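S.K.: Just one file: target_13.cif, with mmCIF, C-alpha atoms.
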```
data_coords
loop_
_atom_site.label_atom_id
_atom_site.label_comp_id
_atom_site.auth_asym_id
_atom_site.auth_seq_id
_atom_site.Cartn_x
_atom_site.Cartn_y
_atom_site.Cartn_z
CA MET A 1 19.25 -68.54 -17.12
CA THR A 2 21.25 -65.60 -15.89
CA GLN A 3 19.54 -63.78 -13.03
CA ALA A 4 19.00 -60.04 -13.59
CA PRO A 5 20.74 -57.78 -11.06
CA ARG A 6 18.54 -56.27 -8.38
CA SER A 7 17.63 -52.61 -8.76
CA GLY A 8 20.05 -50.32 -6.98
CA SER A 9 22.52 -53.16 -6.07
CA GLY A 10 24.67 -53.35 -9.19
CA ARG A 11 28.16 -51.89 -8.98
CA SER A 12 27.74 -50.24 -12.35
CA ASN A 13 25.12 -47.89 -10.91
CA PRO A 14 26.79 -44.80 -9.39
CA ARG A 15 25.61 -43.84 -5.92
CA SER A 16 23.77 -40.54 -5.73
CA GLY A 17 25.14 -38.15 -3.15
CA GLY A 18 28.51 -39.92 -2.88
CA GLY A 19 27.65 -41.96 0.24
CA ALA A 20 25.52 -44.79 1.45
CA GLY A 21 21.89 -43.84 1.29
CA GLY A 22 22.65 -40.95 -1.05
CA SER A 23 20.81 -38.30 1.00
CA ARG A 24 23.55 -37.67 3.58
CA GLY A 25 25.69 -35.58 1.26
CA PHE A 26 29.38 -36.19 0.76
CA GLY A 27 30.91 -39.00 2.87
CA LYS A 28 34.34 -38.89 4.46
CA GLY A 29 37.07 -38.53 1.89
CA SER A 30 34.67 -38.44 -1.07
CA LYS A 31 34.38 -35.69 -3.65
CA PRO A 32 31.34 -34.16 -5.32
CA ALA A 33 30.62 -35.29 -8.85
CA SER A 34 30.10 -31.76 -10.14
CA GLY A 35 31.09 -28.21 -9.33
CA ARG A 36 30.99 -27.19 -5.69
CA THR A 37 28.24 -24.88 -4.48
CA GLY A 38 30.23 -23.32 -1.70
CA GLY A 39 32.65 -21.38 -3.90
CA PRO A 40 36.45 -21.72 -3.90
CA LYS A 41 38.30 -22.88 -0.82
CA SER A 42 39.82 -20.29 1.46
CA SER A 43 42.90 -20.56 3.63
CA GLY A 44 40.67 -20.77 6.68
CA GLY A 45 39.17 -24.15 5.71
CA ALA A 46 36.89 -25.84 3.22
CA GLY A 47 33.62 -24.23 2.27
CA ALA A 48 34.28 -20.69 3.56
CA PRO A 49 31.36 -18.33 2.93
CA ARG A 50 31.27 -15.91 0.07
CA GLU A 51 30.82 -12.14 0.39
CA GLY A 52 31.62 -12.05 4.09
CA GLY A 53 28.84 -14.21 5.48
CA PHE A 54 25.62 -12.21 5.66
CA LYS A 55 23.57 -12.50 2.49
CA SER A 56 22.61 -8.80 2.71
CA GLY A 57 25.25 -7.64 0.25
CA ALA A 58 28.02 -7.10 2.79
CA PRO A 59 31.47 -6.46 1.31
CA LYS A 60 34.41 -8.76 1.97
CA SER A 61 36.03 -6.04 4.04
CA GLY A 62 33.40 -6.61 6.75
CA GLY A 63 35.52 -9.42 8.16
CA PHE A 64 32.56 -11.70 8.75
CA LYS A 65 33.99 -15.13 7.85
CA PRO A 66 33.31 -17.59 10.65
CA GLY A 67 33.95 -20.50 8.28
CA SER A 68 30.43 -21.73 7.66
CA SER A 69 30.23 -24.65 5.27
CA ARG A 70 27.00 -23.44 3.70
CA GLU A 71 26.87 -21.46 0.52
CA GLY A 72 26.77 -17.73 1.18
CA GLY A 73 27.82 -18.07 4.81
CA PHE A 74 25.22 -18.20 7.59
CA LYS A 75 22.13 -19.06 5.60
CA SER A 76 20.30 -21.79 7.49
CA GLY A 77 16.72 -20.83 8.18
CA ALA A 78 16.84 -17.85 5.85
CA SER A 79 13.97 -17.15 3.51
CA LYS A 80 14.42 -17.13 -0.25
CA GLU A 81 13.69 -13.43 -0.30
CA GLY A 82 17.07 -12.83 1.30
CA GLY A 83 15.58 -11.82 4.64
CA PHE A 84 13.90 -13.48 7.54
CA LYS A 85 10.13 -13.56 7.66
CA PRO A 86 9.00 -14.02 11.24
CA GLY A 87 5.25 -14.28 10.81
CA GLY A 88 5.34 -12.14 7.71
CA PRO A 89 2.97 -12.52 4.75
CA ARG A 90 3.85 -14.92 1.97
CA THR A 91 4.73 -13.83 -1.50
CA GLY A 92 2.50 -14.99 -4.30
CA ALA A 93 -0.58 -13.55 -2.63
CA PRO A 94 -3.99 -15.05 -3.18
CA LYS A 95 -6.48 -13.17 -5.24
CA GLY A 96 -8.88 -10.63 -3.81
CA LYS A 97 -11.90 -11.44 -1.69
CA GLY A 98 -14.21 -11.65 -4.63
CA GLY A 99 -11.91 -13.95 -6.56
CA GLY A 100 -10.84 -11.18 -8.93
CA GLU A 101 -7.44 -9.93 -9.99
CA ARG A 102 -4.89 -8.97 -7.35
CA ALA A 103 -4.26 -5.28 -6.78
CA PHE A 104 -0.96 -3.94 -8.14
CA ARG A 105 -0.46 -7.16 -10.10
CA ASN A 106 1.70 -5.40 -12.67
CA GLU A 107 3.68 -3.34 -10.16
CA ARG A 108 6.98 -2.30 -11.68
CA PHE A 109 8.94 -1.74 -8.47
CA GLY A 110 9.27 -3.55 -5.17
CA LYS A 111 7.94 -6.93 -4.01
CA ASN A 112 4.51 -8.46 -3.67
CA LEU A 113 3.88 -8.83 0.08
CA GLY A 114 0.59 -10.66 -0.17
CA PRO A 115 -2.71 -9.56 1.37
CA VAL A 116 -2.95 -7.09 4.21
CA THR A 117 -3.69 -9.03 7.39
CA LYS A 118 -4.51 -6.03 9.58
CA ARG A 119 -7.59 -4.41 8.09
CA THR A 120 -8.94 -1.04 9.10
CA HIS A 121 -12.46 -0.69 10.51
CA THR A 122 -14.89 -0.10 7.69
CA ARG A 123 -18.54 0.69 7.22
CA ARG A 124 -20.37 -1.55 4.77
CA PRO A 125 -23.54 -0.35 3.04
CA GLY A 126 -26.52 -2.68 3.05
CA LYS A 127 -26.98 -2.27 -0.68
CA PRO A 128 -25.21 -0.40 -3.49
CA VAL A 129 -25.73 3.30 -2.90
CA ILE A 130 -24.04 6.49 -3.95
CA SER A 131 -21.34 7.13 -1.33
CA GLU A 132 -21.61 10.14 0.95
CA HIS A 133 -18.14 11.00 -0.35
CA HIS A 134 -19.44 11.40 -3.89
CA ASP A 135 -18.15 14.63 -5.43
CA PRO A 136 -20.00 15.61 -8.64
CA GLU A 137 -16.96 17.63 -9.71
CA GLY A 138 -14.51 14.85 -8.90
CA ILE A 139 -12.95 12.00 -10.88
CA ARG A 140 -14.52 8.57 -11.26
CA LEU A 141 -13.24 6.24 -8.56
CA GLN A 142 -12.16 3.53 -10.99
CA LYS A 143 -10.13 6.06 -12.98
CA VAL A 144 -8.35 7.24 -9.82
CA MET A 145 -7.52 3.63 -8.97
CA ALA A 146 -6.22 2.88 -12.45
CA SER A 147 -4.06 6.02 -12.40
CA ALA A 148 -2.59 4.84 -9.08
CA GLY A 149 -1.46 1.61 -10.73
CA VAL A 150 -3.96 -0.76 -9.10
CA ALA A 151 -5.10 -2.44 -12.31
CA SER A 152 -6.87 -1.65 -15.56
CA ARG A 153 -10.02 0.44 -15.33
CA ARG A 154 -12.21 -2.55 -16.13
CA VAL A 155 -10.61 -4.62 -13.35
CA CYS A 156 -10.94 -1.67 -10.98
CA GLU A 157 -14.68 -1.58 -11.71
CA GLU A 158 -14.88 -5.27 -10.77
CA MET A 159 -13.01 -4.58 -7.52
CA ILE A 160 -15.53 -1.86 -6.64
CA THR A 161 -18.57 -4.05 -7.28
CA GLU A 162 -16.94 -6.89 -5.28
CA GLY A 163 -16.74 -4.62 -2.22
CA ARG A 164 -12.94 -4.47 -2.12
CA VAL A 165 -12.64 -0.66 -2.24
CA GLU A 166 -13.04 1.80 0.63
CA VAL A 167 -13.29 5.58 0.49
CA ASP A 168 -12.55 7.25 3.83
CA GLY A 169 -13.35 3.99 5.63
CA GLU A 170 -16.62 3.28 3.81
CA VAL A 171 -16.95 0.36 1.40
CA VAL A 172 -18.14 1.68 -1.96
CA THR A 173 -19.86 -0.66 -4.42
CA GLU A 174 -21.43 1.89 -6.79
CA LEU A 175 -19.56 2.56 -10.06
CA GLY A 176 -20.90 6.08 -10.41
CA VAL A 177 -18.96 7.50 -7.45
CA ARG A 178 -16.66 10.44 -8.17
CA VAL A 179 -14.02 11.56 -5.67
CA ASP A 180 -11.45 14.27 -5.19
CA PRO A 181 -8.14 12.34 -4.79
CA LYS A 182 -6.63 15.29 -2.91
CA THR A 183 -9.15 15.10 -0.06
CA VAL A 184 -10.02 11.40 0.39
CA SER A 185 -8.18 8.24 1.36
CA ILE A 186 -8.78 5.16 -0.79
CA HIS A 187 -8.01 1.58 0.27
CA VAL A 188 -8.03 -1.50 -1.95
CA ASP A 189 -7.92 -4.87 -0.16
CA GLY A 190 -6.84 -3.00 2.96
CA MET A 191 -3.97 -1.16 1.26
CA ARG A 192 -4.03 2.59 1.03
CA LEU A 193 -3.38 4.06 -2.40
CA GLN A 194 -0.63 6.65 -2.57
CA LEU A 195 -2.23 9.38 -4.65
CA ASP A 196 0.36 12.09 -4.02
CA GLU A 197 3.07 11.64 -6.65
CA THR A 198 5.38 14.07 -4.84
CA GLN A 199 5.86 11.67 -1.92
CA LYS A 200 8.82 9.32 -2.29
CA TYR A 201 9.74 6.09 -0.54
CA TYR A 202 13.11 4.31 -0.71
CA VAL A 203 15.04 1.51 1.00
CA PHE A 204 18.75 2.07 1.66
CA ASN A 205 21.09 -0.82 2.52
CA LYS A 206 23.45 1.10 4.78
CA PRO A 207 27.05 -0.12 4.89
CA ARG A 208 29.12 -0.16 8.03
CA GLY A 209 30.88 3.13 8.73
CA VAL A 210 28.15 5.33 7.21
CA VAL A 211 26.56 7.93 9.48
CA SER A 212 22.73 8.03 9.57
CA THR A 213 22.54 11.69 8.57
CA MET A 214 22.17 13.51 5.28
CA GLU A 215 25.19 15.69 6.04
CA ASP A 216 28.09 15.27 8.44
CA PRO A 217 30.17 18.26 9.60
CA GLU A 218 33.12 15.94 10.30
CA GLY A 219 33.22 14.79 6.70
CA ARG A 220 32.36 11.15 7.41
CA PRO A 221 30.43 9.12 4.80
CA CYS A 222 26.68 9.79 5.11
CA ILE A 223 23.42 8.89 3.38
CA SER A 224 23.53 11.70 0.81
CA ASP A 225 26.77 10.28 -0.59
CA TYR A 226 24.75 7.33 -1.89
CA LEU A 227 21.87 9.29 -3.44
CA LYS A 228 21.79 9.52 -7.20
CA SER A 229 21.89 12.90 -8.87
CA THR A 230 18.16 12.57 -9.64
CA ASN A 231 17.43 12.28 -5.90
CA LYS A 232 19.73 15.07 -4.74
CA HIS A 233 16.99 17.70 -5.11
CA GLU A 234 14.48 15.66 -3.04
CA ARG A 235 14.20 16.62 0.60
CA LEU A 236 14.44 13.13 2.04
CA PHE A 237 14.93 12.13 5.64
CA HIS A 238 15.62 8.76 7.22
CA VAL A 239 13.12 6.83 9.33
CA GLY A 240 14.81 6.01 12.61
CA ARG A 241 18.56 5.56 12.92
CA LEU A 242 21.28 2.96 12.67
CA ASP A 243 24.51 3.63 14.53
CA THR A 244 27.68 3.96 12.50
CA ASN A 245 28.78 0.34 12.97
CA THR A 246 25.34 -1.15 12.27
CA GLU A 247 24.41 -2.14 8.72
CA GLY A 248 21.23 -2.84 6.86
CA LEU A 249 17.77 -1.51 6.12
CA LEU A 250 17.05 2.19 6.46
CA LEU A 251 13.88 3.76 5.04
CA LEU A 252 14.12 7.16 3.32
CA THR A 253 11.05 9.29 2.58
CA ASN A 254 9.60 12.79 2.48
CA ASP A 255 6.28 11.57 3.95
CA GLY A 256 6.40 13.09 7.42
CA GLU A 257 3.20 11.48 8.73
CA LEU A 258 4.32 7.97 7.80
CA ALA A 259 7.81 8.54 9.21
CA ASN A 260 6.41 9.79 12.52
CA ARG A 261 4.13 6.80 12.92
CA LEU A 262 6.83 4.28 12.02
CA THR A 263 9.12 5.66 14.74
CA HIS A 264 6.45 6.31 17.40
CA PRO A 265 6.56 3.60 20.11
CA SER A 266 2.75 3.34 20.30
CA TYR A 267 2.60 1.67 16.87
CA GLU A 268 5.14 -1.00 17.89
CA VAL A 269 6.54 -1.57 14.39
CA PRO A 270 8.72 -4.71 14.58
CA LYS A 271 12.33 -4.66 13.42
CA THR A 272 14.39 -7.75 12.60
CA TYR A 273 18.16 -7.98 13.15
CA LEU A 274 20.88 -10.53 12.49
CA VAL A 275 23.39 -10.48 15.34
CA GLN A 276 26.82 -12.10 15.32
CA VAL A 277 28.41 -12.70 18.73
CA ARG A 278 31.19 -14.82 20.15
CA GLY A 279 30.22 -18.38 21.02
CA PRO A 280 29.40 -20.66 22.60
CA MET A 281 26.24 -19.24 24.14
CA ALA A 282 24.91 -20.57 27.42
CA HIS A 283 21.54 -22.28 27.46
CA GLY A 284 18.68 -19.98 28.47
CA ILE A 285 20.01 -16.71 27.03
CA GLY A 286 17.16 -16.56 24.53
CA ALA A 287 14.53 -17.11 27.21
CA GLN A 288 16.17 -14.43 29.33
CA MET A 289 16.02 -11.89 26.51
CA ARG A 290 12.40 -12.76 25.74
CA GLU A 291 11.42 -12.34 29.39
CA GLY A 292 13.25 -9.05 29.66
CA ILE A 293 16.50 -7.49 30.86
CA GLU A 294 16.97 -4.52 33.15
CA LEU A 295 19.07 -1.81 31.46
CA GLU A 296 20.19 1.58 32.74
CA ASP A 297 17.23 3.29 31.05
CA GLY A 298 14.59 0.70 31.91
CA PHE A 299 13.28 -2.75 31.10
CA ALA A 300 13.86 -4.18 27.59
CA LYS A 301 12.98 -7.45 25.87
CA VAL A 302 12.89 -9.01 22.41
CA ASP A 303 9.73 -10.26 20.72
CA SER A 304 11.53 -13.34 19.37
CA PHE A 305 14.97 -14.92 19.60
CA ARG A 306 16.15 -17.56 17.13
CA LEU A 307 19.50 -19.27 16.64
CA VAL A 308 20.29 -19.13 12.93
CA ASP A 309 23.70 -20.79 12.81
CA SER A 310 26.81 -21.54 14.83
CA THR A 311 30.42 -22.33 14.06
CA PRO A 312 33.40 -22.74 16.37
CA GLY A 313 33.72 -19.42 18.17
CA HIS A 314 30.76 -17.67 16.53
CA ILE A 315 26.98 -17.58 16.94
CA LEU A 316 24.48 -16.00 14.54
CA VAL A 317 21.13 -15.03 16.08
CA GLU A 318 17.98 -13.44 14.67
CA VAL A 319 16.06 -11.17 17.03
CA VAL A 320 12.83 -9.25 16.47
CA LEU A 321 11.87 -6.31 18.68
CA HIS A 322 9.76 -3.19 18.38
CA SER A 323 11.73 -0.90 20.68
CA GLY A 324 13.45 2.02 18.99
CA ARG A 325 15.69 3.03 21.88
CA ASN A 326 19.27 4.00 21.13
CA ARG A 327 21.64 1.02 20.57
CA ILE A 328 19.08 -1.25 22.23
CA VAL A 329 20.24 -4.50 20.55
CA ARG A 330 23.90 -3.95 21.39
CA ARG A 331 23.12 -3.01 24.98
CA MET A 332 20.94 -6.08 25.52
CA PHE A 333 23.61 -8.46 24.25
CA ASP A 334 26.23 -6.66 26.35
CA ALA A 335 24.00 -7.24 29.39
CA VAL A 336 23.96 -11.04 28.83
CA GLY A 337 27.70 -11.21 28.31
CA HIS A 338 27.83 -11.49 24.51
CA PRO A 339 29.03 -8.20 22.97
CA VAL A 340 27.92 -7.76 19.35
CA GLU A 341 30.56 -8.39 16.69
CA ARG A 342 28.37 -7.50 13.75
CA LEU A 343 24.78 -6.23 13.48
CA VAL A 344 22.53 -6.03 10.40
CA ARG A 345 18.90 -4.88 10.27
CA THR A 346 17.13 -7.05 7.69
CA GLN A 347 13.48 -6.01 8.06
CA MET A 348 11.30 -3.14 9.28
CA GLY A 349 7.59 -3.85 9.48
CA PRO A 350 6.66 -5.63 6.23
CA ILE A 351 9.66 -4.28 4.30
CA ARG A 352 12.58 -6.68 3.86
CA LEU A 353 16.10 -6.00 2.72
CA GLY A 354 16.20 -9.18 0.65
CA ASP A 355 19.18 -9.54 -1.63
CA GLN A 356 19.58 -5.79 -2.16
CA ARG A 357 23.20 -4.87 -2.73
CA GLN A 358 24.92 -3.03 0.10
CA GLY A 359 25.23 0.71 -0.49
CA SER A 360 22.32 0.73 -2.97
CA ILE A 361 19.00 2.56 -2.78
CA ARG A 362 15.84 1.12 -4.34
CA VAL A 363 12.35 2.51 -4.84
CA LEU A 364 9.58 0.99 -2.74
CA GLY A 365 6.75 -0.38 -4.84
CA ARG A 366 3.18 0.85 -4.35
CA HIS A 367 2.22 -2.55 -2.95
CA GLU A 368 4.97 -2.24 -0.33
CA VAL A 369 3.97 1.33 0.51
CA GLY A 370 0.37 0.18 0.99
CA HIS A 371 1.46 -2.52 3.43
CA LEU A 372 3.72 -0.09 5.27
CA MET A 373 0.84 2.35 5.73
CA ALA A 374 -1.50 -0.44 6.87
CA VAL A 375 0.92 -1.32 9.68
CA VAL A 376 0.55 2.14 11.20
CA GLY A 377 -3.16 2.59 10.48
CA LEU A 378 -2.95 4.95 7.51
#
```
Can the structure from this file be put into C-alpha cells for me?
M.R.:
Amino acid sequence: MTQAPRSGSGRSNPRSGGGAGGSRGFGKGSKPASGRTGGPKSSGGAGAPREGGFKSGAPKSGGFKPGSSREGGFKSGASKEGGFKPGGPRTGAPKGKGGGERAFRNERFGKNLGPVTKRTHTRRPGKPVISEHHDPEGIRLQKVMASAGVASRRVCEEMITEGRVEVDGEVVTELGVRVDPKTVSIHVDGMRLQLDETQKYYVFNKPRGVVSTMEDPEGRPCISDYLKSTNKHERLFHVGRLDTNTEGLLLLTNDGELANRLTHPSYEVPKTYLVQVRGPMAHGIGAQMREGIELEDGFAKVDSFRLVDSTPGHILVEVVLHSGRNRIVRRMFDAVGHPVERLVRTQMGPIRLGDQRQGSIRVLGRHEVGHLMAVVGL
C-alpha cells in the first residue's frame, strides 16, 4: 500500500512566505508571490518609502527618503490612527458607567477618543433631588444634551438617571431639571458639552515653509492661505506656534479661554513629535534627554524618548514633552550633537494628526473638543 505523504512535507505544497518556516518573510533571492506592499522600486534601493517617509501626509518634495524597507517609510511602532499614542486612550471606547449608550456615538466629525480618564471633582447627591441649578425658565437638561449632539433625548434621559451628567460640577439625576445653557457648564462622562455654536475648533496639518501667522508682511505662505472661503470670515487664531521648517499639527480656534489654557505651562499639555536626525546615535542619548539638558534659557527635558526606526545614516525618534519654549526640540537635539533634519508634531494633548493630508484643515468633533477641554480642566 502506498504511504500517504506527511502533512507539510510534500513538494507539491507551496511554502508560505517564500522561505523555510514561512514566517520569516522573503528569503535571499526569492520573490513575493503577489504584488509588493512597499510600492515601486526607487533608484536608491529596494523598498523605498512612499510619500517621503512620514505618514503624516508629507509631500515628496520634503526629501525624507532614508530608504526604509517598510511600507510608507518609517512606520514601525506607529499606531493605526496614523499617530503615536503614548499612554493615550484607546479608540472604540467602552460604554458609559451605567452600561448605557456612549456619548456622541453618532458624531459626524472627528475621532472617538474613548472615555475621559481625568475627571473633574463633582458633588454627588445622596438621592435624586431637584438641582440647585434648576431654572424654571430654562430648557430641560435632556433637550440641551440632545441639541448638543450627545444622543437622542431618550438616551440622554437614561444618562441623567445613571448619574453620568454634571451641571456646574454637581451630578444631576432628576429628569425635571431645567437649565440656561448660556450660564451653566454641562459634562457628560467627564466631557464638557460645547453649547456655544459660534466657537470653532480645527486641526491644521502645517506643511514645511508655512509661517505660523494669519498674515505675513513679507508675503510668505501663512495659515490663512489654507483656509476655505467659508472660514475666511471667522476670526481664528492658532494655539501655540510651529517654526517655519517644522510640520504637523496646529490647532485653530476662536475660543480664547481654551487656547490660553492649552499654551499655559501650568497645565502641562503634552506634545508628541517625530524627529529625524543623522545616525548612528550613541547609547544613552535618550536617558540624557529624559534626565534633562542645560540650555541657554534653563533646564529642559523630554517626558519620553523612543526610537521608532533607523536606517544607514538616519534615525527616527519619537519624543513627548510639555514645554512650549521656542524651538525647544531643535535646541535639545543640537545640545546632544544630533541636529534635526526634519521635525513633525503628530499630537497635542488628546488630539492626533492621524492620516490627515498635509495642508488640509479638518473640523474637530465634539467628542474631541470635550477631551481637549477635560485636559485643561474646563
S.K.: For a quick check of understanding, using all atoms listed in the file, which of A:Ser185, A:Asn205, A:Thr244, A:Gln276 has the smallest distance to A:Val167?
M.R.: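 Using all atoms listed in the file, the shortest distance to A:Val167 belongs to A:Ser185.
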S.K.: Residues proximal to (19.3, 5.9, 1.2) were defined as those with any atom within 9 Å of that point in the file's coordinates, counting all atoms listed in the file. Which are they, as a PyMOL selection string?
M.R.: chain A and resi 202-206+223-227+236-238+250-252+359-362
S.K.: Skip stretch 330-338 of chain A itself and residues of its chain fewer than 5 positions away, then list as a count of residues only all residues within 12 Å of it, counting all atoms listed in the file.
M.R.: 45
S.K.: Taking the file above as input, evaluate the PyMOL selection byres ((chain A and resi 179) around 12) and report the hits as a ChimeraX atom specification.
M.R.: /A:130-145,166-168,172,175-178,180-186
S.K.: Atom CA of A:Val363 to atom CA of A:Pro350: how many Å, to one decimal?
M.R.: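 Those two atoms sit 14.9 Å apart.
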S.K.: Enclose stretch 136-145 of chain A, meaning all of its atoms listed in the file, in a box aligned along x, y and z, pad it by 3 Å on each side, and list the centre and edge lengths in Å to one decimal, as AutoDock Vina command-line options.
M.R.:
```
--center_x -13.8 --center_y 10.6 --center_z -10.8 --size_x 18.5 --size_y 20.1 --size_z 10.4
```
S.K.: Restricting the calculation to all atoms listed in the file, which member of A:Ala259, A:Val211, A:Leu249, A:Ala148 is positioned closest to A:Glu197?
M.R.: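 When distances to A:Glu197 are compared using all atoms listed in the file, the smallest one comes from A:Ala148.
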S.K.: Quick one: residues within 8 Å of (-12.7, -5.0, -7.1) (file frame), counting all atoms listed in the file, please, as a PyMOL selection string.
M.R.: chain A and resi 96+98+100-101+155-165+188
S.K.: Work out how far atom CA of A:Leu262 is from atom CA of A:Arg235, in Å to one decimal.
M.R.: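 That distance, rounded to one decimal, is 18.4 Å.
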S.K.: Here is a test: counting only C-alpha atoms, which residue of A:Thr272, A:Asn326, A:Thr311, A:Ser266 is nearest to A:Gly240?
M.R.: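 Once distances to A:Gly240 are computed over only C-alpha atoms, the minimum belongs to A:Asn326.
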S.K.: Kindly give the distance, in Å, that separates atom CA of A:Arg352 and atom CA of A:Asn254, rounded to a single decimal.
M.R.: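 Atom-to-atom, atom CA of A:Arg352 to atom CA of A:Asn254, that is 19.7 Å.
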S.K.: Just checking: using only C-alpha atoms, which residue out of A:His371, A:Arg327, A:Lys271, A:Arg192 ends up closest to A:Thr346?
M.R.: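 Ranked by minimum distance to A:Thr346, first place goes to A:Lys271.
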S.K.: Quick one: residues within 8 Å of A:Val376, all atoms listed in the file counted, chain neighbours fewer than 5 positions away excluded, as a list in words?
M.R.: Leu258, Arg261, Leu262, Tyr267 and Val269 of chain A
S.K.: Please rebuild stretch 154-161 of chain A with all heavy atoms and return the result as a PDB file, keeping the file's coordinate frame.
M.R.:
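Output file out36.pdb is given in full below:
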```pdb
ATOM      1  N   ARG A 154     -11.166  -1.513 -16.166  1.00  0.00           N
ATOM      2  CA  ARG A 154     -12.210  -2.550 -16.130  1.00  0.00           C
ATOM      3  C   ARG A 154     -12.073  -3.407 -14.874  1.00  0.00           C
ATOM      4  O   ARG A 154     -13.063  -3.700 -14.194  1.00  0.00           O
ATOM      5  CB  ARG A 154     -12.117  -3.429 -17.380  1.00  0.00           C
ATOM      6  CG  ARG A 154     -13.159  -4.543 -17.422  1.00  0.00           C
ATOM      7  CD  ARG A 154     -12.904  -5.495 -18.576  1.00  0.00           C
ATOM      8  NE  ARG A 154     -11.609  -6.133 -18.470  1.00  0.00           N
ATOM      9  CZ  ARG A 154     -11.355  -7.166 -17.662  1.00  0.00           C
ATOM     10  NH1 ARG A 154     -12.307  -7.662 -16.905  1.00  0.00           N
ATOM     11  NH2 ARG A 154     -10.152  -7.704 -17.640  1.00  0.00           N
ATOM     12  N   VAL A 155     -10.831  -3.808 -14.553  1.00  0.00           N
ATOM     13  CA  VAL A 155     -10.610  -4.620 -13.350  1.00  0.00           C
ATOM     14  C   VAL A 155     -10.931  -3.816 -12.097  1.00  0.00           C
ATOM     15  O   VAL A 155     -11.482  -4.335 -11.126  1.00  0.00           O
ATOM     16  CB  VAL A 155      -9.169  -5.149 -13.317  1.00  0.00           C
ATOM     17  CG1 VAL A 155      -8.874  -5.845 -11.988  1.00  0.00           C
ATOM     18  CG2 VAL A 155      -8.926  -6.111 -14.473  1.00  0.00           C
ATOM     19  N   CYS A 156     -10.610  -2.529 -12.118  1.00  0.00           N
ATOM     20  CA  CYS A 156     -10.940  -1.670 -10.980  1.00  0.00           C
ATOM     21  C   CYS A 156     -12.442  -1.602 -10.751  1.00  0.00           C
ATOM     22  O   CYS A 156     -12.907  -1.572  -9.606  1.00  0.00           O
ATOM     23  CB  CYS A 156     -10.362  -0.271 -11.187  1.00  0.00           C
ATOM     24  SG  CYS A 156      -8.556  -0.186 -11.069  1.00  0.00           S
ATOM     25  N   GLU A 157     -13.221  -1.576 -11.837  1.00  0.00           N
ATOM     26  CA  GLU A 157     -14.680  -1.580 -11.710  1.00  0.00           C
ATOM     27  C   GLU A 157     -15.151  -2.867 -11.035  1.00  0.00           C
ATOM     28  O   GLU A 157     -16.051  -2.855 -10.189  1.00  0.00           O
ATOM     29  CB  GLU A 157     -15.322  -1.419 -13.082  1.00  0.00           C
ATOM     30  CG  GLU A 157     -15.120  -0.043 -13.690  1.00  0.00           C
ATOM     31  CD  GLU A 157     -15.676   0.053 -15.100  1.00  0.00           C
ATOM     32  OE1 GLU A 157     -16.068  -1.004 -15.645  1.00  0.00           O
ATOM     33  OE2 GLU A 157     -15.717   1.174 -15.650  1.00  0.00           O
ATOM     34  N   GLU A 158     -14.517  -4.002 -11.393  1.00  0.00           N
ATOM     35  CA  GLU A 158     -14.880  -5.270 -10.770  1.00  0.00           C
ATOM     36  C   GLU A 158     -14.540  -5.253  -9.276  1.00  0.00           C
ATOM     37  O   GLU A 158     -15.298  -5.776  -8.450  1.00  0.00           O
ATOM     38  CB  GLU A 158     -14.141  -6.423 -11.464  1.00  0.00           C
ATOM     39  CG  GLU A 158     -14.557  -6.645 -12.911  1.00  0.00           C
ATOM     40  CD  GLU A 158     -13.740  -7.723 -13.590  1.00  0.00           C
ATOM     41  OE1 GLU A 158     -12.829  -8.276 -12.918  1.00  0.00           O
ATOM     42  OE2 GLU A 158     -14.000  -8.029 -14.765  1.00  0.00           O
ATOM     43  N   MET A 159     -13.404  -4.666  -8.930  1.00  0.00           N
ATOM     44  CA  MET A 159     -13.010  -4.580  -7.520  1.00  0.00           C
ATOM     45  C   MET A 159     -14.022  -3.767  -6.719  1.00  0.00           C
ATOM     46  O   MET A 159     -14.342  -4.103  -5.574  1.00  0.00           O
ATOM     47  CB  MET A 159     -11.623  -3.939  -7.409  1.00  0.00           C
ATOM     48  CG  MET A 159     -10.490  -4.809  -7.913  1.00  0.00           C
ATOM     49  SD  MET A 159      -8.909  -3.959  -7.799  1.00  0.00           S
ATOM     50  CE  MET A 159      -7.782  -5.287  -8.230  1.00  0.00           C
ATOM     51  N   ILE A 160     -14.538  -2.702  -7.328  1.00  0.00           N
ATOM     52  CA  ILE A 160     -15.530  -1.860  -6.640  1.00  0.00           C
ATOM     53  C   ILE A 160     -16.800  -2.653  -6.396  1.00  0.00           C
ATOM     54  O   ILE A 160     -17.327  -2.682  -5.277  1.00  0.00           O
ATOM     55  CB  ILE A 160     -15.808  -0.587  -7.461  1.00  0.00           C
ATOM     56  CG1 ILE A 160     -14.559   0.312  -7.520  1.00  0.00           C
ATOM     57  CG2 ILE A 160     -16.988   0.182  -6.862  1.00  0.00           C
ATOM     58  CD1 ILE A 160     -14.694   1.483  -8.462  1.00  0.00           C
ATOM     59  N   THR A 161     -17.318  -3.311  -7.424  1.00  0.00           N
ATOM     60  CA  THR A 161     -18.570  -4.050  -7.280  1.00  0.00           C
ATOM     61  C   THR A 161     -18.418  -5.250  -6.347  1.00  0.00           C
ATOM     62  O   THR A 161     -19.402  -5.718  -5.766  1.00  0.00           O
ATOM     63  CB  THR A 161     -19.083  -4.520  -8.648  1.00  0.00           C
ATOM     64  OG1 THR A 161     -18.065  -5.330  -9.281  1.00  0.00           O
ATOM     65  CG2 THR A 161     -19.409  -3.330  -9.529  1.00  0.00           C
TER      66      THR A 161
END
```
